[in-house]
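Trainee: Before I ask anything, let me first share the structure, which is written out below as structure tokens.
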Protein chains: 4
Amino acid sequence: MSDNSFGRLLRVTTFGESHGPAIGCVVDGCPPGIALAADDFRRDLDRRATGKTRHTSARREADEIEILSGVYEGLTTGTPIGLLIRNTDARSRDYGSIAEQFRPGHADYAYWQKYGIRDPRGGGRSSARETTMRVAAGVIARKWLAERHGIEIQGFLSQLGEIHPTGIDLSVVEGNPFFWPDAGQVAELEAYMDALRKSGDSVGARVDVVARGVPPGWGEPVYGKLDGELAAALMSINAVKGVEVGDGFESVAQKGSEHRDRMTPGGFLSNHAGGVLGGISTGQDLRCSVAFKPTSSLRLPVDGLDVHGEVVEVVTTGRHDPCVGIRAIPICEAMVALVLMDQALRHRAQCGDVGAVAPRIPGHAGEADDKR
Amino acid sequence: MSDNSFGRLLRVTTFGESHGPAIGCVVDGCPPGIALAADDFRRDLDRRATGKTRHTSARREADEIEILSGVYEGLTTGTPIGLLIRNTDARSRDYGSIAEQFRPGHADYAYWQKYGIRDPRGGGRSSARETTMRVAAGVIARKWLAERHGIEIQGFLSQLGEIHPTGIDLSVVEGNPFFWPDAGQVAELEAYMDALRKSGDSVGARVDVVARGVPPGWGEPVYGKLDGELAAALMSINAVKGVEVGDGFESVAQKGSEHRDRMTPGGFLSNHAGGVLGGISTGQDLRCSVAFKPTSSLRLPVDGLDVHGEVVEVVTTGRHDPCVGIRAIPICEAMVALVLMDQALRHRAQCGDVGAVAPRIPGHAGEADDKR
Amino acid sequence: MSDNSFGRLLRVTTFGESHGPAIGCVVDGCPPGIALAADDFRRDLDRRATGKTRHTSARREADEIEILSGVYEGLTTGTPIGLLIRNTDARSRDYGSIAEQFRPGHADYAYWQKYGIRDPRGGGRSSARETTMRVAAGVIARKWLAERHGIEIQGFLSQLGEIHPTGIDLSVVEGNPFFWPDAGQVAELEAYMDALRKSGDSVGARVDVVARGVPPGWGEPVYGKLDGELAAALMSINAVKGVEVGDGFESVAQKGSEHRDRMTPGGFLSNHAGGVLGGISTGQDLRCSVAFKPTSSLRLPVDGLDVHGEVVEVVTTGRHDPCVGIRAIPICEAMVALVLMDQALRHRAQCGDVGAVAPRIPGHAGEADDKR
Amino acid sequence: MSDNSFGRLLRVTTFGESHGPAIGCVVDGCPPGIALAADDFRRDLDRRATGKTRHTSARREADEIEILSGVYEGLTTGTPIGLLIRNTDARSRDYGSIAEQFRPGHADYAYWQKYGIRDPRGGGRSSARETTMRVAAGVIARKWLAERHGIEIQGFLSQLGEIHPTGIDLSVVEGNPFFWPDAGQVAELEAYMDALRKSGDSVGARVDVVARGVPPGWGEPVYGKLDGELAAALMSINAVKGVEVGDGFESVAQKGSEHRDRMTPGGFLSNHAGGVLGGISTGQDLRCSVAFKPTSSLRLPVDGLDVHGEVVEVVTTGRHDPCVGIRAIPICEAMVALVLMDQALRHRAQCGDVGAVAPRIPGHAGEADDKR
């Protein structure tokens with residue numbers, strides 16, 4: 001694996017920077033024969049785009065995908081799929097003032113210590129723009145998982161600052177700008193975000209992703225664990241500080257007699273495991289949760305340091321999200337999709353002729369098993 | 001990467017099973033010239049061993065390490081280091097009754113669905129014994145990190161079931177059987193664990209690992225993020241359900257103005273980041289936290305299923321930990337060490353001649369910055 | 001490693017097809033601080049370009065490189081370097097007639113059997129155009145090797161069909177269109193190629209690459225052997241059927257007393273080894289030789305099969321090289337450079353602080369040691 | 001990939017040294033359900049063993065394989081397969097005199113320059129003993145390829161010094177100690193080798209490997225080329241200086257009209273390609289050829305240097321092969337098997353549901369197509 005590549009068989013390599021001419025990615029190892037066209041990317045890129053509501057940055061990005069290779073007559077050929085998006089809206093002057101500064105909470109200082117060079121433009125590789133290509137790559141994986149395995153992947157905001165949903169109804173998630181699972185709280189969130197934006201501050205978020213229909217048997221038992229790879233994938237998203245699978249940190253206080261999911265011929269009776277045991281999928285819903293820290297790019301001034309070690313006041317102007325977690329839902333979904341497809345191909349490689357092992361325990365036995 | 005291999009430059013490959021003749025590992029890519037002998041492994045293997053107190057399994061393991069290769073006249077040669085431990089204490093009969101059963105909370109069913117074969121002996125690869133070799137490999141990394149970079153890695157139990165430390169004093173951790181950072185609570189924990197063992201149940205645990213002295217600049221900004229790789233490494237340990245870096249899930253409710261760590265010429269004023277920003281180390285203390293679920297191997301009977309889909313009562317006899325988290329501290333430390341050393345070598349590869357970039361911001365400015 | 005990626009630390013990922021909108025590559029792991037600009041690619045892309053003489057295809061390619069990322073103020077930043085070349089001259093109609101045919105000597109049938117899909121455009125991934133990006137990536141490696149280690153890499157044509165050089169003078173290689181090391185034979189080669197082109201046939205070629213100034217110690221002793229990786233890299237070029245290091249297949253008939261290179265304090269007395277022993281560089285000149293088969297795209301008709309298994313006459317019109325080996329010299333040099341730089345970084349990673357080990361044996365003791 | 005690991009899905013990691021307590025390997029990614037027992041290794045280990053005839057070293061190796069993991073009730077479980085062979089016959093004193101010497105033709109000097117440490121025992125990792133584990137790993141691959149795909153892999157000696165077979169009859173290869181394909185020359189070879197042994201010198205060898213029954217479609221078109229990976233695998237064997245596929249270097253002097261293999265509904269009419277086109281198998285016999293240099297460990301004295309740069313006379317006593325190529329046949333076969341199985345699994349991963357694409361062109365049309 002290299003730094004800009006991800007996955008073992010379905011391999012995604014991203015390139016490009018916010019302030020360069022283009023960003024792109026290459027997806028290698030995709031099976032042939034999958035229908036794919038530029039239109040397929042539209043929905044998820046729009047969900048990712050800024051400018052949809054006043055609660056995200058006003059930075060407009062006309063994300064038009066160009067398929068450079070790997071598709072012929074509308075079907076993947078099996079050869080690497082190249083995707084490119086030209087950058088049209090940069091406004092580099094927003095960043096010019098910070099060329100020599102180390103902003104608290106940013107990677108500026110760490111980059112400088114590592115490379116001995118400071119590239120101040122838009123945060124270079126640490127910018128959220130890079131993740132747009134992950135969403136694009138994820139479209140391919142989601143398509144294949146859905147068409148070949150009937151797998152659905154859905155993300156939603158499960159905590160905004162200190163606000164928790166009073167109820168969970170996943171059917172309303174796509175209908176509000178927060179991907180929030182409780183329609184009754186939308187107005188409250190709007191007000192909260194307005195106040196936050198006015199204050200110039202930011203807040204963190206928790207994102208949950210559920211994948212339904214994952215067959216049992218995907219994952220490898222030691223270092224190629226499905227949950228281990230999900231953790232790495234999700235933690236590789238900007239601003240992530242924690243990842244949980246299933247009950248996560250709530251498992252700490254649980255007893256074993258309570259945590260273990262009972263199995264009946266009708267299905268599992270609960271899902272504390274989150275769909276993974278011993279690193280391998282069980283057929284239960286796959287449940288992950290991701291912690292996003294609050295953005296450090298604030299209009300609130302703070303003292304930073306410059307390259308000479310001198311104190312300097314840092315204030316960020318321009319266009320920023322007061323809560324990056326909201327727009328991260330499509331990225332989280334994409335990473336889950338990419339890991340699942342990679343694992344599916346690896347499972348097919350090693351165990352392809354094992355075939356369906358019967359009997360198979362249904363993921364749900366009818367009882368509600370979602371904790372959040 | 002393959003399933004039984006870990007790391008990109010410092011590569012660890014483990015092999016063997018609890019009930020096989022031996023377990024072992026190969027550590028490849030280790031720099032030459034490091035002093036290494038069988039005795040170096042003794043301390044951490046003892047910390048890992050069972051049988052030290054009545055709160056862990058009574059399964060005695062005489063872990064004598066044999067160095068098969070990679071060391072000459074007491075120094076590493078640069079060629080792969082082979083380590084072997086013969087298994088002497090198996091008592092396979094403890095597992096014989098579960099050959100055809102799927103035990104709730106175990107990976108039995110998932111394995112069977114994946115491989116079409118069920119190997120009931122000691123959980124095969126899912127057994128905790130495999131991680132002994134990780135501890136052994138970690139010894140090499142800890143030695144190199146300490147000798148070459150002055151890095152210290154310390155783990156401790158930060159939550160046992162619902163019990164939290166009333167204070168944090170890392171100097172007392174090695175002096176009690178729980179790796180607990182609060183001497184005043186040891187008696188309470190002893191009583192708690194006695195009751196738990198009698199009840200036949202188990203409980204989860206939270207383990208924190210701190211690494212001091214990590215220089216800034218280790219890590220790669222996109223998919224090779226230091227925190228991403230730590231997450232994958234820690235999540236690959238048996239029974240882990242969540243990983244956090246820095247403030248982790250507490251970041252969700254924080255404001256950006258509060259979360260970002262301010263920098264002064266005298267050092268960082270806080271450490272919400274946990275020592276990593278943008279995937280790269282900052283020079284602050286590296287802080288991770290790991291959630292261990294409660295073991296599902298209980299003396300409390302529960303219904304499981306057999307390979308024909310029939311209900312069957314499952315009860316586990318034999319020797320089990322009521323809290324696997326306690327003994328996992330050396331494993332967590334080892335994984336952190338292995339990731340850090342791998343990243344150090346990668347940094348040296350790419351940026352070896354960048355040299356020390358001045359000025360460097362001290363990790364601490366004197367104020368307490370440990371949240372837990 | 002994935003199919004479109006190459007290298008372990010200095011990782012090159014290529015993408016794009018001849019008949020797509022663009023071809024490109026990403027070079028990841030490059031050290032920061034290297035001066036790099038679009039002009040740096042000009043020389044080697046010109047050496048690679050078609051249309052320079054009538055002995056190569058008339059297909060004009062205006063190869064303008066665009067640097068998408070990884071360079072700031074003229075220096076590499078350490079982040080991935082994205083390179084893009086827009087395709088301007090495709091003339092797809094030259095290929096339209098072969099959509100359903102399997103041409104003898106081409107990969108058509110093999111691709112169809114693998115992917116179940118046949119993409120007839122320009123041979124898709126099997127086209128020589130993909131290797132243009134390798135040349136581009138190689139420019140970066142050659143620059144770093146030259147600037148940091150004083151290494152020079154030179155390729156030349158060492159056999160054209162049945163014609164061998166009567167003498168070897170590497171100083172004349174860049175002065176004739178064949179990269180031929182014997183100025184006195186150029187007219188003969190011109191006549192030979194004219195006759196070949198008229199006949200509609202093609203011929204094979206042997207390319208030698210020499211790298212001078214490679215320090216001893218690069219390479220890994222088992223599977224990461226320097227010569228093993230050179231072999232893989234060179235064999236991955238289109239039309240290659242054999243690779244040798246040092247005396248190669250001539251070693252078969254040699255005695256050990258003759259083959260082993262003697263060492264004196266003044267240096268090695270010969271170079272049968274070709275600069276590699278036990279997989280590690282010795283400080284002698286690195287010498288490789290590559291066999292290119294004759295192109296199968298001929299104006300001479302031949303029977304092929306179509307997708308229904310029926311016999312069909314195949315004749316290729318359009319623009320083709322009667323000898324692909326000539327233009328392959330820059331590609332061979334590029335692959336050697338990429339492998340050397342990757343190995344150099346890996347050596348720095350593992351052994352970075354070993355330092356210079358004295359005494360060092362000069363690569364040459366003054367006597368001529370070039371066999372060819 | 002790391003230095004002691006090989007393969008992408010079927011991953012082989014070897015460890016151990018000739019003069020260590022044991023050598024071993026781990027084979028990861030093997031499909032479950034394959035019958036495997038210690039006896040399965042006997043035949044190929046015997047073919048590899050020394051001491052069979054007076055033409056190889058008298059060093060006796062009692063190679064008893066121990067299966068440490070990955071097999072349950074005689075079937076592979078899908079988890080990593082650990083293999084171990086205890087070293088019983090070392091006689092280290094044969095090497096003691098060369099601790100400070102650099103022997104011409106050996107990797108001593110290169111190792112010392114790389115690691116700064118010199119481990120004189122048996123050549124450490126460069127010893128031929130390490131390849132014994134490759135043969136063992138290859139047994140698993142050969143079994144799977146034969147049982148699942150009907151693939152046969154056969155190696156033979158195709159040149160010994162300057163001696164070529166007068167005819168090729170593969171059926172006699174296993175019946176003489178040279179794996180020679182011409183029964184009428186065995187006496188000549190015996191005499192030749194006796195004289196060589198008496199002289200204290202050594203000679204090189206050429207080894208051919210043929211794999212029959214390889215289906216079309218295995219291999220990846222760019223960097224994962226089947227022939228590229230075969231080249232890397234074969235070049236990674238000790239003493240190899242060249243690798244060819246199909247007509248190899250003979251292709252250089254061929255015309256395209258002659259080299260391209262014609263296809264008829266009855267099959268291919270020739271096999272200049274050697275079974276690979278565009279990096280993908282065609283269904284023709286896979287043909288490789290490997291050049292082994294003559295061993296540099298001779299009883300003939302020669303001047304070498306010591307670690308201080310002083311001239312010193314080097315003479316090797318003890319047990320050595322005058323022709324390492326002979327015993328290398330099983331290693332070459334094993335490497336071919338490992339590459340083929342790895343590629344088969346990767347093909348199954350990416351294209352598993354493409355299914356058999358019809359019509360399929362038979363590998364042979366009845367006419368003789370073996371060049372050698």
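Residue names in the structure tokens use chain letters A, B, ... in the order shown, residue numbers from 1 in each chain, and ligand numbers from 1 in the order shown.
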Might you pull out every residue within 6 Å of range 268-285 of chain A, with only C-alpha atoms counted and same-chain residues fewer than 2 positions away left off, and present them as a PyMOL selection string?
Mentor: (chain A and resi 211-212+214-221+225-227+245-247+259+261-263+287+363-365+369) or (chain B and resi 107+110)
Trainee: Quick one: residues within 8 Å of Asp208 in chain C, only C-alpha atoms counted, chain neighbours fewer than 4 positions away excluded, as a CSV table (one decimal) with C-alpha atoms, in the first residue's frame?
Mentor:
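Listed below is the output, part36.csv:
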```csv
chain,number,residue,atom,x,y,z
C,155,GLY,CA,20.5,2.5,-22.9
C,156,PHE,CA,21.4,1.5,-26.4
C,157,LEU,CA,20.4,-0.9,-29.1
C,158,SER,CA,22.7,-3.9,-28.9
C,287,ARG,CA,24.2,-4.1,-16.8
C,288,CYS,CA,20.9,-5.5,-18.1
C,289,SER,CA,19.8,-6.7,-21.5
C,290,VAL,CA,16.3,-7.0,-22.8
```
Trainee: Compare C:Val222, C:Leu196, C:Ala136, C:Val357 by their minimum atom-to-atom distance to chain B, counting only C-alpha atoms, and give me the closest one.
Mentor: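 Looking at the shortest contact to chain B, the residue is C:Val222.
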Trainee: Within 9 Å of Val252 in chain C, counting only C-alpha atoms, which residues show up once you throw out same-chain ones fewer than 6 positions away? Write them as a list in words, please.
Mentor: Gln159, Leu160, Gly161, Glu162, Val203, Gly204, Ala205, Arg206, Ala291, Phe292, Lys293 and Pro294 of chain D
Trainee: Residues of range 127-270 of chain D in alpha helix (DSSP H) according to DSSP, as a ChimeraX atom specification?
Mentor: /D:130-149,186-199,226-235,256-259
Trainee: Check which residues of chain A sit at most 9 Å from chain C using only C-alpha atoms, and return one row each with the closest pair of atoms and their distance in Å to one decimal, ordered by chain and rising number, as CSV.
Mentor:
```
residue,atom,partner,partner_atom,distance
A:Met1,CA,C:Met1,CA,7.0
A:Ser2,CA,C:Arg11,CA,6.9
A:Asp3,CA,C:Asp28,CA,7.2
A:Asn4,CA,C:Asp28,CA,7.0
A:Arg8,CA,C:Ser2,CA,7.4
A:Leu9,CA,C:Ser2,CA,6.9
A:Leu10,CA,C:Ser2,CA,8.5
A:Arg11,CA,C:Ser2,CA,6.9
A:Thr13,CA,C:Thr13,CA,7.6
A:Thr14,CA,C:Val26,CA,8.4
A:Phe15,CA,C:Gly82,CA,6.0
A:Gly16,CA,C:Ser69,CA,5.1
A:Glu17,CA,C:Ser69,CA,5.9
A:His19,CA,C:Ser69,CA,8.6
A:Gly20,CA,C:Leu68,CA,5.5
A:Pro21,CA,C:Leu68,CA,5.8
A:Ala22,CA,C:Leu68,CA,6.3
A:Ile23,CA,C:Leu68,CA,7.7
A:Val26,CA,C:Phe15,CA,6.7
A:Asp28,CA,C:Asn4,CA,7.0
A:Gly29,CA,C:Asp3,CA,7.6
A:Pro31,CA,C:Tyr115,CA,7.9
A:Pro32,CA,C:Tyr115,CA,5.8
A:Gly33,CA,C:Ile117,CA,7.3
A:Glu66,CA,C:Pro21,CA,8.7
A:Ile67,CA,C:Pro21,CA,8.4
A:Leu68,CA,C:Gly20,CA,5.5
A:Ser69,CA,C:Gly16,CA,5.1
A:Gly70,CA,C:Gly16,CA,7.9
A:Val71,CA,C:Asp119,CA,8.8
A:Tyr72,CA,C:Asp119,CA,6.5
A:Glu73,CA,C:Asp119,CA,8.8
A:Leu75,CA,C:Ile117,CA,8.8
A:Thr76,CA,C:Ile117,CA,8.7
A:Thr77,CA,C:Ile117,CA,6.2
A:Gly78,CA,C:Tyr115,CA,6.2
A:Thr79,CA,C:Arg125,CA,7.2
A:Pro80,CA,C:Phe15,CA,6.6
A:Ile81,CA,C:Phe15,CA,7.5
A:Gly82,CA,C:Phe15,CA,6.0
A:Lys114,CA,C:Gly78,CA,8.8
A:Tyr115,CA,C:Pro32,CA,5.8
A:Gly116,CA,C:Pro32,CA,7.5
A:Ile117,CA,C:Thr77,CA,6.2
A:Arg118,CA,C:Thr77,CA,7.7
A:Asp119,CA,C:Tyr72,CA,6.5
A:Gly124,CA,C:Thr79,CA,8.5
A:Arg125,CA,C:Thr79,CA,7.2
```
Trainee: Would you kindly return, as a PyMOL selection string, each protein, DNA or RNA residue with an atom no farther than 10 Å from any atom of Glu229 in chain C, considering only C-alpha atoms and excluding same-chain residues fewer than 6 positions away?
Mentor: (chain C and resi 7+219-220+223+235+279+335-336+339-340+343) or (chain D and resi 228-229+231-233+235-236)
Trainee: Taking N, CA and C atoms for each residue, export the selection above as a compact mmCIF listing (two decimals), in the first residue's frame.
Mentor:
```txt
# COMPACT_ATOMS: atom_id res chain seq x y z
N GLY C 7 6.32 -0.55 -7.80
CA GLY C 7 7.23 -0.01 -6.81
C GLY C 7 6.68 -0.13 -5.41
N GLY C 219 19.35 -3.24 -2.68
CA GLY C 219 18.71 -4.51 -3.01
C GLY C 219 18.45 -5.30 -1.75
N GLU C 220 17.59 -6.26 -1.81
CA GLU C 220 17.28 -7.11 -0.65
C GLU C 220 17.56 -8.56 -1.03
N TYR C 223 13.42 -11.97 -1.79
CA TYR C 223 12.46 -11.72 -2.86
C TYR C 223 12.51 -10.29 -3.38
N MET C 235 10.43 -6.82 -17.93
CA MET C 235 9.51 -7.77 -18.56
C MET C 235 8.11 -7.19 -18.65
N GLY C 279 21.51 -10.48 -5.09
CA GLY C 279 20.37 -9.56 -5.13
C GLY C 279 20.71 -8.14 -4.72
N MET C 335 12.49 2.37 -16.51
CA MET C 335 12.19 1.29 -15.58
C MET C 335 13.39 1.02 -14.68
N VAL C 336 14.58 1.05 -15.24
CA VAL C 336 15.78 0.84 -14.43
C VAL C 336 15.89 1.95 -13.38
N VAL C 339 13.27 1.42 -10.54
CA VAL C 339 13.64 0.34 -9.62
C VAL C 339 14.79 0.79 -8.73
N LEU C 340 15.78 1.45 -9.31
CA LEU C 340 16.93 1.89 -8.51
C LEU C 340 16.51 2.89 -7.44
N GLN C 343 14.61 1.10 -4.68
CA GLN C 343 15.55 0.35 -3.84
C GLN C 343 16.40 1.29 -2.96
N GLY D 228 5.95 -11.12 -16.41
CA GLY D 228 6.74 -10.27 -15.54
C GLY D 228 6.91 -10.90 -14.17
N GLU D 229 5.83 -11.48 -13.66
CA GLU D 229 5.92 -12.08 -12.33
C GLU D 229 6.70 -13.38 -12.35
N ALA D 231 9.22 -13.84 -14.33
CA ALA D 231 10.60 -13.38 -14.39
C ALA D 231 11.11 -13.01 -13.01
N ALA D 232 10.32 -12.26 -12.27
CA ALA D 232 10.74 -11.85 -10.93
C ALA D 232 10.93 -13.08 -10.04
N ALA D 233 10.00 -13.99 -10.12
CA ALA D 233 10.05 -15.18 -9.28
C ALA D 233 11.28 -16.02 -9.59
N MET D 235 14.04 -15.07 -11.23
CA MET D 235 15.26 -14.29 -10.99
C MET D 235 15.57 -14.23 -9.50
N SER D 236 14.58 -14.47 -8.64
CA SER D 236 14.83 -14.40 -7.21
C SER D 236 15.51 -15.65 -6.67
```
Trainee: So how far away is CA of Gly224 in chain C from CA of Ile140 in chain C, in Å?
Mentor: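 Between these atoms lies a distance of 22.0 Å.
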Trainee: Could you pull out the strand (DSSP E) residues of range 54-202 of chain C from DSSP and send them as JSON, numbers by chain?
Mentor: {"C": [65, 66, 67, 68, 69, 71, 72, 75, 76, 81, 82, 83, 84, 85, 86, 101, 102, 152, 153, 154, 155, 156, 157, 158, 159, 160]}
Trainee: Store the residues picked out above, limited to N, CA, C and O atoms, as a short mmCIF file (atom, residue, chain, number, x, y, z; two decimals), in the first residue's frame.
Mentor:
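Wrote it out as again_21.cif, contents follow:
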```cif
data_model
loop_
_atom_site.label_atom_id
_atom_site.label_comp_id
_atom_site.auth_asym_id
_atom_site.auth_seq_id
_atom_site.Cartn_x
_atom_site.Cartn_y
_atom_site.Cartn_z
N ILE C 65 3.28 17.66 -21.06
CA ILE C 65 3.01 17.20 -19.69
C ILE C 65 2.41 18.32 -18.85
O ILE C 65 2.85 19.47 -18.92
N GLU C 66 1.45 17.96 -18.05
CA GLU C 66 0.84 18.88 -17.10
C GLU C 66 1.10 18.32 -15.71
O GLU C 66 0.79 17.15 -15.45
N ILE C 67 1.68 19.11 -14.83
CA ILE C 67 1.91 18.64 -13.45
C ILE C 67 0.68 19.03 -12.63
O ILE C 67 0.41 20.22 -12.42
N LEU C 68 -0.06 18.04 -12.18
CA LEU C 68 -1.31 18.30 -11.46
C LEU C 68 -1.11 18.55 -9.98
O LEU C 68 -1.95 19.18 -9.34
N SER C 69 -0.04 18.00 -9.42
CA SER C 69 0.11 18.08 -7.97
C SER C 69 1.52 17.68 -7.58
O SER C 69 2.27 17.15 -8.39
N VAL C 71 4.07 19.51 -6.59
CA VAL C 71 5.18 20.44 -6.80
C VAL C 71 4.72 21.84 -6.39
O VAL C 71 3.61 22.26 -6.74
N TYR C 72 5.53 22.54 -5.65
CA TYR C 72 5.19 23.89 -5.20
C TYR C 72 6.42 24.76 -5.33
O TYR C 72 7.49 24.39 -4.84
N LEU C 75 9.56 22.95 -6.49
CA LEU C 75 10.16 21.85 -5.74
C LEU C 75 9.10 20.82 -5.38
O LEU C 75 7.95 21.19 -5.09
N THR C 76 9.48 19.55 -5.38
CA THR C 76 8.53 18.53 -4.94
C THR C 76 8.23 18.75 -3.46
O THR C 76 9.10 19.14 -2.68
N ILE C 81 2.84 13.17 -6.85
CA ILE C 81 3.02 13.98 -8.05
C ILE C 81 2.13 13.42 -9.15
O ILE C 81 2.32 12.29 -9.60
N GLY C 82 1.18 14.23 -9.57
CA GLY C 82 0.29 13.79 -10.64
C GLY C 82 0.74 14.39 -11.96
O GLY C 82 1.04 15.57 -12.04
N LEU C 83 0.83 13.54 -12.97
CA LEU C 83 1.21 14.00 -14.32
C LEU C 83 0.12 13.62 -15.31
O LEU C 83 -0.44 12.53 -15.22
N LEU C 84 -0.15 14.50 -16.24
CA LEU C 84 -1.21 14.25 -17.22
C LEU C 84 -0.75 14.66 -18.60
O LEU C 84 -0.08 15.68 -18.76
N ILE C 85 -1.11 13.85 -19.58
CA ILE C 85 -0.87 14.19 -20.99
C ILE C 85 -2.17 13.98 -21.73
O ILE C 85 -2.74 12.88 -21.73
N ARG C 86 -2.65 15.06 -22.33
CA ARG C 86 -3.88 14.95 -23.11
C ARG C 86 -3.59 14.24 -24.43
O ARG C 86 -2.59 14.52 -25.08
N GLN C 101 -12.13 -9.32 -34.15
CA GLN C 101 -11.10 -10.25 -34.58
C GLN C 101 -10.07 -10.50 -33.50
O GLN C 101 -9.79 -9.63 -32.67
N PHE C 102 -9.50 -11.68 -33.54
CA PHE C 102 -8.35 -11.98 -32.71
C PHE C 102 -7.15 -12.05 -33.65
O PHE C 102 -7.07 -12.94 -34.50
N GLU C 152 24.36 7.62 -13.58
CA GLU C 152 23.97 7.83 -14.99
C GLU C 152 23.42 6.54 -15.53
O GLU C 152 24.01 5.47 -15.35
N ILE C 153 22.32 6.67 -16.26
CA ILE C 153 21.70 5.49 -16.86
C ILE C 153 21.67 5.68 -18.37
O ILE C 153 21.19 6.71 -18.86
N GLN C 154 22.21 4.72 -19.07
CA GLN C 154 22.21 4.84 -20.53
C GLN C 154 21.79 3.54 -21.19
O GLN C 154 22.30 2.46 -20.85
N GLY C 155 20.88 3.68 -22.14
CA GLY C 155 20.45 2.51 -22.90
C GLY C 155 20.93 2.62 -24.34
O GLY C 155 21.20 3.70 -24.83
N PHE C 156 21.05 1.48 -24.99
CA PHE C 156 21.40 1.50 -26.40
C PHE C 156 20.93 0.21 -27.05
O PHE C 156 20.65 -0.79 -26.38
N LEU C 157 20.85 0.25 -28.38
CA LEU C 157 20.41 -0.92 -29.13
C LEU C 157 21.62 -1.83 -29.32
O LEU C 157 22.64 -1.39 -29.87
N SER C 158 21.57 -3.03 -28.85
CA SER C 158 22.73 -3.92 -28.93
C SER C 158 22.54 -5.04 -29.97
O SER C 158 23.43 -5.86 -30.17
N GLN C 159 21.39 -5.07 -30.60
CA GLN C 159 21.16 -6.03 -31.68
C GLN C 159 19.88 -5.64 -32.39
O GLN C 159 18.87 -5.34 -31.74
N LEU C 160 19.91 -5.59 -33.71
CA LEU C 160 18.73 -5.28 -34.50
C LEU C 160 18.54 -6.43 -35.49
O LEU C 160 19.35 -6.60 -36.41
#
```
